[in-house]
Amino acid sequence: ATGSHANDSWAGPTLNSAAPDCLPGGSSAGTATAVGASPPVLRLAEETGGSIQNPASAQGLVGIKPTFALVPNAGVVPLAGSTRDVVGPIARCVRDAALTLDVLAGYTAADPKTVAGIGRRPKGGYTSKLDRKALKGKRLGLFGPGWRDPPLSPEATELYARAQSEITACGATLVADPFAGTGFAAL
């Protein structure tokens with residue numbers, strides 16, 4: 001598995017459930033493909049550096065990468081020791097992902113680092129923060145060559161423009177390519 005795809009010696013390549021001719025994202029490609037193509041409305045994934053975000057975005061799903069130590073990861077075999085690995089949902093909609101975070105987040109003696117999250121959970125849980133006015137006054141950085149060099153496909157460009165207009169209609173300010181001129185893409 002990589003940040004873009006996953007292959008299995010027994011079953012072969014994992015496909016993108018939304019667009020089988022496109023990469024599924026990785027490394028939790030199988031988790032995202034299962035959510036996108038079958039009855040489960042959500043599944044849990046483990047992330048060290050993109051394994052929730054990449055496949056969720058590649059397949060048109062919602063992924064939440066929790067703040068480190070917010071969700072216990074007892075029983076997870078970490079890739080980065082115990083310094084970056086998190087467990088979070090990949091779901092079909094924001095509400096399902098937030099409901100899952102309401103269930104998962106919190107202290108457990110099985111994972112002592114979760115003590116850092118005590119008292120930090122929103123009153124009423126994460127679903128209480130779901131509000132169509134939540135983007136009002138927020139600043140969001142946009143994708144651009146400063147972040148990644150390859151351009152978006154014409155189809156993705158069209159969808160991205162539509163998403164931008166929906167986000168600004170909700171009151172957010174969009175910042176064009178905040179990584180422009182930083183050399184980040186070359187890293």
# chains A, B, ... in the order shown; residues from 1 in each chain; ligands from 1

$ select_by_dssp --residues "range 1-184 of chain A" --states "helix (DSSP H, G or I)" --output "number ranges by chain"
A: 29-37, 53-58, 94-104, 112-117, 126-129, 154-169, 184

$ select_by_dssp --residues "range 21-71 of chain A" --states "strand (DSSP E)" --output "number ranges by chain"
A: 42-47, 62-63

$ residues_around --residues "range 89-101 of chain A" --least-positions-apart "6" --cutoff "9 Å" --atoms "only C-alpha atoms" --output "PDB file with C-alpha atoms, in the first residue's frame"
ATOM      1  CA  THR A  31     -11.621   0.642   4.065  1.00  0.00           C
ATOM      2  CA  ALA A  32     -12.752   3.507   1.840  1.00  0.00           C
ATOM      3  CA  VAL A  35     -17.696   2.119   2.517  1.00  0.00           C
ATOM      4  CA  GLY A  36     -18.197   3.478  -0.985  1.00  0.00           C
ATOM      5  CA  PRO A  40     -21.491  -0.321   5.614  1.00  0.00           C
ATOM      6  CA  VAL A  41     -22.060   3.403   6.095  1.00  0.00           C
ATOM      7  CA  LEU A  42     -18.691   3.739   7.775  1.00  0.00           C
ATOM      8  CA  ARG A  43     -15.525   1.957   8.794  1.00  0.00           C
ATOM      9  CA  LEU A  44     -12.543   2.805  10.927  1.00  0.00           C
ATOM     10  CA  ALA A  45      -9.112   3.467   9.500  1.00  0.00           C
ATOM     11  CA  GLU A  46      -5.661   4.069  10.974  1.00  0.00           C
ATOM     12  CA  ILE A  52      -7.637   8.398   6.281  1.00  0.00           C
ATOM     13  CA  GLN A  53      -7.540  11.609   4.268  1.00  0.00           C
ATOM     14  CA  PRO A  55      -8.696   7.417   0.309  1.00  0.00           C
ATOM     15  CA  ALA A  56     -11.654   9.391   1.673  1.00  0.00           C
ATOM     16  CA  GLY A  60     -15.771  11.153  -2.444  1.00  0.00           C
ATOM     17  CA  LEU A  61     -16.194  10.122   1.194  1.00  0.00           C
ATOM     18  CA  VAL A  62     -15.761  11.867   4.544  1.00  0.00           C
ATOM     19  CA  GLY A  63     -12.704  11.080   6.624  1.00  0.00           C
ATOM     20  CA  ILE A  64     -11.866  12.481  10.034  1.00  0.00           C
ATOM     21  CA  LYS A  65      -8.279  12.397  11.201  1.00  0.00           C
ATOM     22  CA  PRO A  66      -8.673  13.062  14.928  1.00  0.00           C
ATOM     23  CA  VAL A  71      -9.311   8.628  20.116  1.00  0.00           C
ATOM     24  CA  GLY A 125     -20.561  16.117  21.351  1.00  0.00           C
ATOM     25  CA  TYR A 126     -19.174  16.684  17.878  1.00  0.00           C
ATOM     26  CA  THR A 127     -22.565  16.394  16.207  1.00  0.00           C
ATOM     27  CA  LEU A 130     -22.817  20.524  12.807  1.00  0.00           C
TER      28      LEU A 130
END

$ closest_residue --among "A:Glu47, A:Asp85, A:Glu166, A:Asp21" --to "Arg132 in chain A" --atoms "only C-alpha atoms"
A:Glu166

$ closest_residue --among "A:Gly171, A:Pro178, A:Gly183, A:Gly124" --to "Gly141 in chain A" --atoms "only C-alpha atoms"
A:Pro178

$ atom_distance --atom1 "CA of Ser27 in chain A" --atom2 "CA of Asn73 in chain A"
17.1 Å

$ atom_distance --atom1 "CA of Leu23 in chain A" --atom2 "CA of Leu174 in chain A"
27.4 Å

$ residues_around --residues "Thr108 in chain A" --least-positions-apart "5" --cutoff "8 Å" --atoms "only C-alpha atoms" --output "ChimeraX atom specification"
/A:72,114-115

$ write_last_selection --atoms "C-alpha atoms" --output "CSV table (one decimal), in the first residue's frame"
chain,number,residue,atom,x,y,z
A,72,PRO,CA,-7.7,5.6,21.8
A,114,THR,CA,-6.0,9.8,26.0
A,115,VAL,CA,-5.8,11.7,29.3

$ closest_residue --among "A:Thr182, A:Thr173, A:Ser153, A:Ser165" --to "Lys138 in chain A" --atoms "only C-alpha atoms"
A:Thr173

$ closest_residue --among "A:Leu135, A:Val87, A:Ile167, A:Ala74" --to "Ala109 in chain A" --atoms "only C-alpha atoms"
A:Ala74

$ atom_distance --atom1 "CA of Asn54 in chain A" --atom2 "CA of Ala29 in chain A"
8.3 Å

$ closest_residue --among "A:Ala116, A:Thr168, A:Leu15, A:Arg121" --to "Lys133 in chain A" --atoms "only C-alpha atoms"
A:Thr168
